[in-house]
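Peer 1: This is structure-v4.pdb (PDB, C-alpha atoms).
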```
ATOM      1  CA  MET A   1      -9.848  -8.518  47.436
ATOM      2  CA  TRP A   2      -7.349  -5.887  48.563
ATOM      3  CA  THR A   3      -4.327  -7.872  47.460
ATOM      4  CA  TRP A   4      -6.001  -8.273  44.080
ATOM      5  CA  PHE A   5      -6.526  -4.524  44.003
ATOM      6  CA  TYR A   6      -2.931  -3.771  44.905
ATOM      7  CA  LYS A   7      -1.731  -6.195  42.280
ATOM      8  CA  LEU A   8      -3.843  -4.521  39.622
ATOM      9  CA  ALA A   9      -2.481  -1.132  40.622
ATOM     10  CA  SER A  10       1.045  -2.277  39.835
ATOM     11  CA  PRO A  11       1.888  -1.044  36.333
ATOM     12  CA  PRO A  12       3.242  -4.362  34.944
ATOM     13  CA  HIS A  13       0.079  -6.160  36.031
ATOM     14  CA  PHE A  14      -2.244  -3.541  34.656
ATOM     15  CA  PHE A  15      -0.257  -3.491  31.434
ATOM     16  CA  ARG A  16      -0.743  -7.211  30.897
ATOM     17  CA  ILE A  17      -4.374  -7.449  32.005
ATOM     18  CA  ALA A  18      -5.425  -4.374  30.011
ATOM     19  CA  GLY A  19      -3.597  -5.766  27.002
ATOM     20  CA  MET A  20      -5.662  -8.945  27.171
ATOM     21  CA  LEU A  21      -8.973  -7.201  27.893
ATOM     22  CA  THR A  22      -8.840  -4.264  25.469
ATOM     23  CA  PRO A  23      -9.784  -6.109  22.231
ATOM     24  CA  TRP A  24     -12.711  -7.840  23.979
ATOM     25  CA  VAL A  25     -14.014  -4.664  25.565
ATOM     26  CA  MET A  26     -13.741  -2.887  22.209
ATOM     27  CA  GLY A  27     -15.565  -5.778  20.532
ATOM     28  CA  VAL A  28     -18.451  -5.637  23.012
ATOM     29  CA  ALA A  29     -18.510  -1.840  22.660
ATOM     30  CA  LEU A  30     -18.747  -1.832  18.867
ATOM     31  CA  SER A  31     -21.438  -4.556  18.851
ATOM     32  CA  MET A  32     -23.540  -2.648  21.376
ATOM     33  CA  ILE A  33     -23.115   0.638  19.520
ATOM     34  CA  THR A  34     -24.125  -1.023  16.231
ATOM     35  CA  ILE A  35     -27.227  -2.601  17.808
ATOM     36  CA  GLY A  36     -28.151   0.627  19.602
ATOM     37  CA  ILE A  37     -27.734   2.816  16.520
ATOM     38  CA  PHE A  38     -29.733   0.352  14.423
ATOM     39  CA  GLY A  39     -32.474   0.424  17.050
ATOM     40  CA  GLY A  40     -32.378   4.211  17.143
ATOM     41  CA  LEU A  41     -32.379   4.823  13.401
ATOM     42  CA  VAL A  42     -34.620   1.984  12.237
ATOM     43  CA  LEU A  43     -36.672   0.367  15.001
ATOM     44  CA  ALA A  44     -37.620   3.319  17.215
ATOM     45  CA  PRO A  45     -40.771   5.180  16.144
ATOM     46  CA  ALA A  46     -40.598   8.823  15.051
ATOM     47  CA  ASP A  47     -41.250  11.402  17.765
ATOM     48  CA  TYR A  48     -44.734  12.953  17.759
ATOM     49  CA  GLN A  49     -43.295  16.468  17.973
ATOM     50  CA  GLN A  50     -39.879  16.284  16.357
ATOM     51  CA  GLY A  51     -40.509  13.564  13.761
ATOM     52  CA  ASP A  52     -37.331  11.787  12.690
ATOM     53  CA  GLY A  53     -35.215  14.749  13.802
ATOM     54  CA  PHE A  54     -35.242  13.450  17.376
ATOM     55  CA  ARG A  55     -32.984  10.546  16.313
ATOM     56  CA  ILE A  56     -29.974  12.799  16.854
ATOM     57  CA  ILE A  57     -30.564  11.934  20.527
ATOM     58  CA  TYR A  58     -28.875   8.555  19.904
ATOM     59  CA  VAL A  59     -25.506  10.210  19.379
ATOM     60  CA  HIS A  60     -26.036  13.392  21.393
ATOM     61  CA  VAL A  61     -26.968  11.905  24.773
ATOM     62  CA  PRO A  62     -24.253   9.196  24.854
ATOM     63  CA  ALA A  63     -21.673  11.839  23.885
ATOM     64  CA  ALA A  64     -22.903  14.215  26.597
ATOM     65  CA  TRP A  65     -22.961  11.412  29.211
ATOM     66  CA  LEU A  66     -19.409  10.407  28.335
ATOM     67  CA  SER A  67     -18.171  13.987  28.387
ATOM     68  CA  LEU A  68     -19.202  14.160  32.057
ATOM     69  CA  PHE A  69     -18.140  10.611  32.900
ATOM     70  CA  SER A  70     -14.694  11.004  31.326
ATOM     71  CA  TYR A  71     -14.046  14.303  33.077
ATOM     72  CA  SER A  72     -15.119  12.838  36.435
ATOM     73  CA  LEU A  73     -12.897   9.793  35.963
ATOM     74  CA  MET A  74      -9.999  12.014  34.894
ATOM     75  CA  ALA A  75     -10.355  14.269  37.942
ATOM     76  CA  ILE A  76     -10.774  11.367  40.405
ATOM     77  CA  ALA A  77      -7.774   9.505  38.967
ATOM     78  CA  ALA A  78      -5.712  12.705  38.978
ATOM     79  CA  GLY A  79      -6.715  13.339  42.609
ATOM     80  CA  ILE A  80      -5.721   9.808  43.642
ATOM     81  CA  GLY A  81      -2.426  10.211  41.806
ATOM     82  CA  LEU A  82      -1.790  13.525  43.502
ATOM     83  CA  VAL A  83      -2.622  12.415  47.052
ATOM     84  CA  TRP A  84      -1.208   8.884  47.103
ATOM     85  CA  ARG A  85       1.440   9.389  44.412
ATOM     86  CA  ILE A  86       0.263   6.454  42.365
ATOM     87  CA  LYS A  87       1.774   6.479  38.886
ATOM     88  CA  LEU A  88      -0.954   4.310  37.429
ATOM     89  CA  ALA A  89      -3.619   6.806  38.547
ATOM     90  CA  HIS A  90      -1.823   9.622  36.746
ATOM     91  CA  ALA A  91      -1.526   7.401  33.683
ATOM     92  CA  VAL A  92      -5.301   6.787  33.714
ATOM     93  CA  ALA A  93      -6.028  10.507  34.146
ATOM     94  CA  ALA A  94      -3.797  11.431  31.226
ATOM     95  CA  SER A  95      -5.528   8.789  29.102
ATOM     96  CA  CYS A  96      -9.002  10.249  29.633
ATOM     97  CA  ALA A  97      -8.224  13.649  28.130
ATOM     98  CA  VAL A  98      -8.303  13.087  24.359
ATOM     99  CA  PRO A  99     -11.333  10.749  24.301
ATOM    100  CA  GLY A 100     -13.084  13.033  26.808
ATOM    101  CA  ALA A 101     -12.435  16.136  24.729
ATOM    102  CA  SER A 102     -13.709  14.249  21.673
ATOM    103  CA  PHE A 103     -16.988  13.335  23.356
ATOM    104  CA  THR A 104     -17.432  16.880  24.640
ATOM    105  CA  PHE A 105     -16.877  18.215  21.136
ATOM    106  CA  LEU A 106     -19.421  15.682  19.810
ATOM    107  CA  ALA A 107     -22.001  16.621  22.442
ATOM    108  CA  LEU A 108     -21.664  20.289  21.455
ATOM    109  CA  ALA A 109     -21.581  19.658  17.696
ATOM    110  CA  THR A 110     -24.504  17.198  17.572
ATOM    111  CA  GLY A 111     -26.443  19.462  19.945
ATOM    112  CA  SER A 112     -25.820  22.362  17.617
ATOM    113  CA  ILE A 113     -26.964  20.331  14.598
ATOM    114  CA  TRP A 114     -30.077  19.331  16.562
ATOM    115  CA  GLY A 115     -30.697  22.879  17.736
ATOM    116  CA  LYS A 116     -30.882  24.364  14.257
ATOM    117  CA  PRO A 117     -34.112  22.640  13.115
ATOM    118  CA  MET A 118     -35.740  22.450  16.590
ATOM    119  CA  TRP A 119     -34.835  25.742  18.244
ATOM    120  CA  GLY A 120     -34.066  27.669  15.056
ATOM    121  CA  THR A 121     -30.504  28.446  16.084
ATOM    122  CA  TRP A 122     -27.131  26.693  15.982
ATOM    123  CA  TRP A 123     -26.036  28.218  19.278
ATOM    124  CA  GLU A 124     -27.492  29.952  22.294
ATOM    125  CA  TRP A 125     -25.527  31.251  25.270
ATOM    126  CA  ASP A 126     -27.663  29.423  27.776
ATOM    127  CA  ALA A 127     -26.480  27.654  30.913
ATOM    128  CA  ARG A 128     -26.282  24.083  29.616
ATOM    129  CA  LEU A 129     -24.516  24.961  26.373
ATOM    130  CA  THR A 130     -22.121  27.442  27.923
ATOM    131  CA  SER A 131     -21.100  25.146  30.795
ATOM    132  CA  GLU A 132     -20.518  22.285  28.338
ATOM    133  CA  LEU A 133     -18.345  24.608  26.226
ATOM    134  CA  ILE A 134     -16.337  25.406  29.367
ATOM    135  CA  LEU A 135     -15.870  21.655  29.848
ATOM    136  CA  LEU A 136     -14.350  21.454  26.363
ATOM    137  CA  PHE A 137     -11.972  24.292  27.258
ATOM    138  CA  LEU A 138     -11.032  22.496  30.493
ATOM    139  CA  PHE A 139     -10.139  19.370  28.507
ATOM    140  CA  LEU A 140      -8.163  21.363  25.938
ATOM    141  CA  GLY A 141      -6.427  23.328  28.697
ATOM    142  CA  TYR A 142      -5.542  20.064  30.454
ATOM    143  CA  ILE A 143      -4.031  18.641  27.239
ATOM    144  CA  ALA A 144      -2.128  21.861  26.482
ATOM    145  CA  LEU A 145      -0.806  22.063  30.050
ATOM    146  CA  ARG A 146       0.489  18.479  29.888
ATOM    147  CA  ASN A 147       2.216  19.188  26.596
ATOM    148  CA  ALA A 148       3.951  22.226  28.086
ATOM    149  CA  PHE A 149       6.086  20.026  30.369
ATOM    150  CA  ASP A 150       9.003  17.857  29.274
ATOM    151  CA  ASP A 151       9.098  16.114  32.636
ATOM    152  CA  ILE A 152       6.160  13.715  32.831
ATOM    153  CA  SER A 153       5.841  13.715  36.645
ATOM    154  CA  LYS A 154       5.651  17.525  36.679
ATOM    155  CA  ALA A 155       3.041  17.370  33.927
ATOM    156  CA  ASP A 156       1.090  14.837  36.033
ATOM    157  CA  ARG A 157       1.022  17.027  39.115
ATOM    158  CA  ALA A 158       0.262  20.338  37.411
ATOM    159  CA  SER A 159      -2.483  18.911  35.214
ATOM    160  CA  ALA A 160      -3.993  17.059  38.190
ATOM    161  CA  VAL A 161      -4.562  20.372  39.966
ATOM    162  CA  LEU A 162      -6.290  21.766  36.880
ATOM    163  CA  ALA A 163      -8.467  18.649  36.577
ATOM    164  CA  LEU A 164      -9.479  18.877  40.256
ATOM    165  CA  VAL A 165     -10.351  22.566  40.087
ATOM    166  CA  GLY A 166     -12.412  21.975  36.949
ATOM    167  CA  ILE A 167     -14.570  19.272  38.533
ATOM    168  CA  VAL A 168     -16.904  21.944  39.988
ATOM    169  CA  ASN A 169     -18.147  22.356  36.440
ATOM    170  CA  VAL A 170     -19.529  18.795  36.272
ATOM    171  CA  PRO A 171     -22.484  19.230  38.668
ATOM    172  CA  ILE A 172     -23.045  22.689  37.182
ATOM    173  CA  ILE A 173     -23.534  21.111  33.750
ATOM    174  CA  HIS A 174     -25.772  18.351  35.099
ATOM    175  CA  TYR A 175     -28.066  20.630  37.122
ATOM    176  CA  SER A 176     -27.887  23.654  34.787
ATOM    177  CA  VAL A 177     -31.255  22.765  33.284
ATOM    178  CA  ASN A 178     -32.856  22.922  36.749
ATOM    179  CA  TRP A 179     -30.969  25.868  38.205
ATOM    180  CA  TRP A 180     -31.379  28.236  35.277
ATOM    181  CA  ASN A 181     -34.054  28.916  32.765
ATOM    182  CA  THR A 182     -32.586  27.337  29.688
ATOM    183  CA  LEU A 183     -33.557  26.512  26.146
ATOM    184  CA  HIS A 184     -32.221  23.001  26.676
ATOM    185  CA  GLN A 185     -34.831  20.489  27.779
ATOM    186  CA  GLY A 186     -34.763  19.058  31.296
ATOM    187  CA  ALA A 187     -33.743  15.563  32.296
ATOM    188  CA  THR A 188     -35.619  12.778  30.514
ATOM    189  CA  VAL A 189     -33.680   9.691  31.583
ATOM    190  CA  THR A 190     -31.868  10.427  34.852
ATOM    191  CA  LYS A 191     -34.864  11.275  36.995
ATOM    192  CA  LEU A 192     -36.058   9.754  40.233
ATOM    193  CA  SER A 193     -39.469   9.099  38.724
ATOM    194  CA  ALA A 194     -39.919   6.981  35.601
ATOM    195  CA  PRO A 195     -38.085   8.313  32.537
ATOM    196  CA  SER A 196     -40.304  10.474  30.316
ATOM    197  CA  ILE A 197     -39.497   8.566  27.154
ATOM    198  CA  SER A 198     -41.190   5.422  25.846
ATOM    199  CA  THR A 199     -39.422   2.056  26.101
ATOM    200  CA  SER A 200     -39.173   1.638  22.335
ATOM    201  CA  MET A 201     -37.183   4.886  22.171
ATOM    202  CA  LEU A 202     -35.281   4.359  25.429
ATOM    203  CA  TRP A 203     -33.650   0.957  24.929
ATOM    204  CA  PRO A 204     -31.561   1.945  21.879
ATOM    205  CA  LEU A 205     -30.393   4.996  23.800
ATOM    206  CA  LEU A 206     -29.282   2.950  26.806
ATOM    207  CA  VAL A 207     -27.598   0.299  24.655
ATOM    208  CA  THR A 208     -25.713   2.960  22.681
ATOM    209  CA  ALA A 209     -24.725   4.814  25.860
ATOM    210  CA  ILE A 210     -23.424   1.640  27.558
ATOM    211  CA  GLY A 211     -21.655   0.645  24.338
ATOM    212  CA  CYS A 212     -19.979   4.058  24.145
ATOM    213  CA  THR A 213     -18.891   3.659  27.777
ATOM    214  CA  PHE A 214     -17.200   0.347  26.913
ATOM    215  CA  TYR A 215     -15.652   2.014  23.863
ATOM    216  CA  PHE A 216     -14.284   4.762  26.108
ATOM    217  CA  ALA A 217     -12.972   2.136  28.572
ATOM    218  CA  ALA A 218     -11.144   0.339  25.748
ATOM    219  CA  LEU A 219      -9.535   3.579  24.583
ATOM    220  CA  VAL A 220      -8.490   4.501  28.123
ATOM    221  CA  MET A 221      -7.007   1.039  28.728
ATOM    222  CA  GLN A 222      -4.977   1.182  25.540
ATOM    223  CA  ARG A 223      -3.773   4.738  26.190
ATOM    224  CA  THR A 224      -2.967   3.866  29.811
ATOM    225  CA  ARG A 225      -0.742   1.051  28.559
ATOM    226  CA  GLY A 226       1.102   3.625  26.476
ATOM    227  CA  GLU A 227       1.321   6.026  29.415
ATOM    228  CA  ILE A 228       2.787   3.230  31.573
ATOM    229  CA  LEU A 229       5.511   2.692  28.975
ATOM    230  CA  LEU A 230       6.309   6.408  29.032
ATOM    231  CA  ARG A 231       6.631   6.378  32.834
ATOM    232  CA  GLU A 232       8.307   3.065  33.510
ATOM    233  CA  ARG A 233      11.959   3.300  34.414
ATOM    234  CA  ARG A 234      12.601  -0.236  35.684
ATOM    235  CA  ALA A 235      13.779  -1.907  32.529
ATOM    236  CA  ARG A 236      13.478  -5.565  33.462
ATOM    237  CA  TRP A 237       9.798  -6.259  32.986
ATOM    238  CA  LEU A 238       9.708  -3.847  30.061
ATOM    239  CA  GLU A 239      12.418  -5.764  28.311
ATOM    240  CA  LEU A 240      10.530  -9.006  28.826
ATOM    241  CA  GLU A 241       7.310  -7.394  27.662
ATOM    242  CA  LEU A 242       8.647  -5.657  24.575
ATOM    243  CA  ASN A 243      10.932  -8.309  23.157
TER
ATOM    244  CA  MET B   1     -35.219   3.392   1.464
ATOM    245  CA  GLN B   2     -35.686   6.895   0.063
ATOM    246  CA  GLU B   3     -37.863   7.649   3.058
ATOM    247  CA  PHE B   4     -35.186   6.381   5.437
ATOM    248  CA  ILE B   5     -32.545   8.646   3.897
ATOM    249  CA  GLU B   6     -34.824  11.693   3.967
ATOM    250  CA  MET B   7     -35.662  11.204   7.685
ATOM    251  CA  GLY B   8     -38.911  13.119   7.316
ATOM    252  CA  GLY B   9     -37.096  16.205   6.039
ATOM    253  CA  TYR B  10     -34.430  16.113   8.765
ATOM    254  CA  GLY B  11     -32.024  13.977   6.701
ATOM    255  CA  ALA B  12     -29.256  16.565   6.426
ATOM    256  CA  TYR B  13     -29.249  17.138  10.210
ATOM    257  CA  VAL B  14     -29.577  13.509  11.285
ATOM    258  CA  TRP B  15     -26.958  12.161   8.872
ATOM    259  CA  SER B  16     -24.437  14.913   9.514
ATOM    260  CA  ALA B  17     -24.716  14.306  13.275
ATOM    261  CA  PHE B  18     -24.247  10.540  12.854
ATOM    262  CA  GLY B  19     -21.505  10.965  10.244
ATOM    263  CA  LEU B  20     -19.538  13.358  12.418
ATOM    264  CA  THR B  21     -19.845  10.998  15.391
ATOM    265  CA  PHE B  22     -18.600   8.084  13.297
ATOM    266  CA  VAL B  23     -15.580  10.087  12.078
ATOM    267  CA  VAL B  24     -14.613  11.196  15.599
ATOM    268  CA  LEU B  25     -15.013   7.665  17.056
ATOM    269  CA  ALA B  26     -12.936   6.136  14.240
ATOM    270  CA  TRP B  27     -10.237   8.789  14.647
ATOM    271  CA  ASN B  28     -10.038   8.057  18.384
ATOM    272  CA  VAL B  29      -9.390   4.364  17.782
ATOM    273  CA  HIS B  30      -6.603   5.317  15.395
ATOM    274  CA  ALA B  31      -5.185   7.951  17.771
ATOM    275  CA  ALA B  32      -5.122   5.550  20.742
ATOM    276  CA  ARG B  33      -3.297   2.959  18.681
ATOM    277  CA  ARG B  34      -0.768   5.548  17.456
ATOM    278  CA  HIS B  35      -0.248   6.780  21.032
ATOM    279  CA  PHE B  36       0.518   3.260  22.222
ATOM    280  CA  ASN B  37       2.854   2.447  19.313
ATOM    281  CA  ARG B  38       4.823   5.643  19.830
ATOM    282  CA  ALA B  39       5.190   4.963  23.544
ATOM    283  CA  ARG B  40       6.355   1.421  22.817
ATOM    284  CA  LEU B  41       8.944   2.677  20.326
ATOM    285  CA  GLN B  42      10.219   5.228  22.860
ATOM    286  CA  ALA B  43      10.457   2.588  25.581
ATOM    287  CA  LYS B  44      12.360   0.250  23.275
ATOM    288  CA  ARG B  45      14.854   2.979  22.400
ATOM    289  CA  ARG B  46      15.314   3.774  26.079
ATOM    290  CA  ILE B  47      16.012   0.162  26.931
ATOM    291  CA  GLN B  48      18.492  -0.129  24.074
ATOM    292  CA  SER B  49      20.362   3.037  25.061
ATOM    293  CA  GLN B  50      20.464   1.849  28.694
ATOM    294  CA  ALA B  51      21.831  -1.502  27.574
ATOM    295  CA  GLY B  52      24.393   0.279  25.412
ATOM    296  CA  ALA B  53      25.533   2.412  28.352
ATOM    297  CA  GLY B  54      26.120  -0.765  30.337
ATOM    298  CA  THR B  55      23.589  -0.093  33.107
TER
END
```
Show how you would write the structure in this file as C-alpha cells.

Peer 2:
Amino acid sequence: MWTWFYKLASPPHFFRIAGMLTPWVMGVALSMITIGIFGGLVLAPADYQQGDGFRIIYVHVPAAWLSLFSYSLMAIAAGIGLVWRIKLAHAVAASCAVPGASFTFLALATGSIWGKPMWGTWWEWDARLTSELILLFLFLGYIALRNAFDDISKADRASAVLALVGIVNVPIIHYSVNWWNTLHQGATVTKLSAPSISTSMLWPLLVTAIGCTFYFAALVMQRTRGEILLRERRARWLELELN
Amino acid sequence: MQEFIEMGGYGAYVWSAFGLTFVVLAWNVHAARRHFNRARLQAKRRIQSQAGAGT
C-alpha cells in the first residue's frame, strides 16, 4: 500500500496514470451530470413553494459544494507541498485554482439569479454570500500571486502560504447559516438527521454533485499533468514521454 | 414543451443559471486542455535546447 502510494507520488508515474484515467473520469462525469440535470429539470416535481424556480438548486448546490471542496483540496495539497517539499503536491494545488474559482463564481452567480425571484434581490451582504465572495477573492488572489513569480518553486511556496491562511474561510462559509442570522436557507442535505428534501428531488442533486466532482477531478488531473511538465527538469523520462 | 421552457414563469432565471453553468464548464475543459498543450510545448522546447547545448 505505501509503496504504491510512493510510486504514485512520483511525477512520471502520476503523469502516466492520470493520462490514462482522465478521459474515463471525464466520461463518467459528463454522463452523471447529464443524467442528474435531466432528473432535475424533467423528472423532479416542482417545489410547493418555489414552483419550477427551485430547479436552480441543481447547478447552485453542486457549484457551492465544489467551491469548498476545491479550496480545501488546494490548501491541503499546498500544505503537504510546503511541509514535505513534494513537487507533485504543489502541482495539484496549482491545478485546483482555476476550476475552483470557476465553481465559486458559478455558486455566486446562480445564487444571485435564484435570489432575484425568491428573495427579491440579486445580492445581500449577509454572512453566507459575503464569505463565499471572499472565497472567490482568495482564489483570484492565489492565481494572481502565482502569476507574479517567474520562478515556479517560489510561486509554489508563496501561494501555498496564502492558500493555508485562507482555509479558515471554509468552515466559516459552511457554518455561516447557523452562526449568523442570514437570508440564505440552512442546511438541507448535510445534516445529521434525514435531509429535508424529498427523494425525488434529492437524487438528481446528488448525481449532479458527484458528477461535478468527477468533472473537477478530471480537470485537476489534466492540469496537474501540465504542471508536472512545467516543473520537471530531468529530461530522460520527459523525452521518452513526449516523443 | 412550451410549459417546460416557461418553467412556471421562472424560465428566464432557470435557463440563464443553467446556460451560464454550461458555458463555464465547457470553457474549463478547453482551458485545461490549452494549459496542458502549452506546458507540453514548453517542455519540448526545453528538451531540444538542452540537447542542442550538449547536456

Peer 1: Near chain B, meaning an atom within 10 Å, which residues of chain A appear when counting only C-alpha atoms? Write them as a ChimeraX atom specification.

Peer 2: /A:26,37,41-42,46,50-60,63,95,98-99,102-103,105-107,109-117,212,215-216,218-236,238-239,242-243

Peer 1: Give me, as a PyMOL selection string, all polymer residues having an atom no more than 10 Å from segment 155-163 of chain A, counting only C-alpha atoms and skipping those fewer than 3 positions away in the same chain.

Peer 2: chain A and resi 71-83+85+87+89-91+93-94+97+138-139+141-152+166-168

Peer 1: Quick check, in Å to one decimal: how far apart do atom CA of Phe38 of chain A and atom CA of Leu108 of chain A lie?

Peer 2: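 Spanning atom CA of Phe38 of chain A to atom CA of Leu108 of chain A is a straight-line distance of 22.6 Å.
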
Peer 1: Distance atom CA of Leu88 of chain A-atom CA of Lys154 of chain A, one decimal place?

Peer 2: 14.8 Å

Peer 1: Check which residues satisfy the PyMOL selection byres ((chain A and resi 180-186) around 7) in the file shown, then give them as a count of residues only.

Peer 2: 9

Peer 1: To one decimal in Å, tell me the separation between atom CA of Trp122 of chain A and atom CA of Thr104 of chain A.

Peer 2: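 If I compute the distance from atom CA of Trp122 of chain A to atom CA of Thr104 of chain A, I get 16.3 Å.
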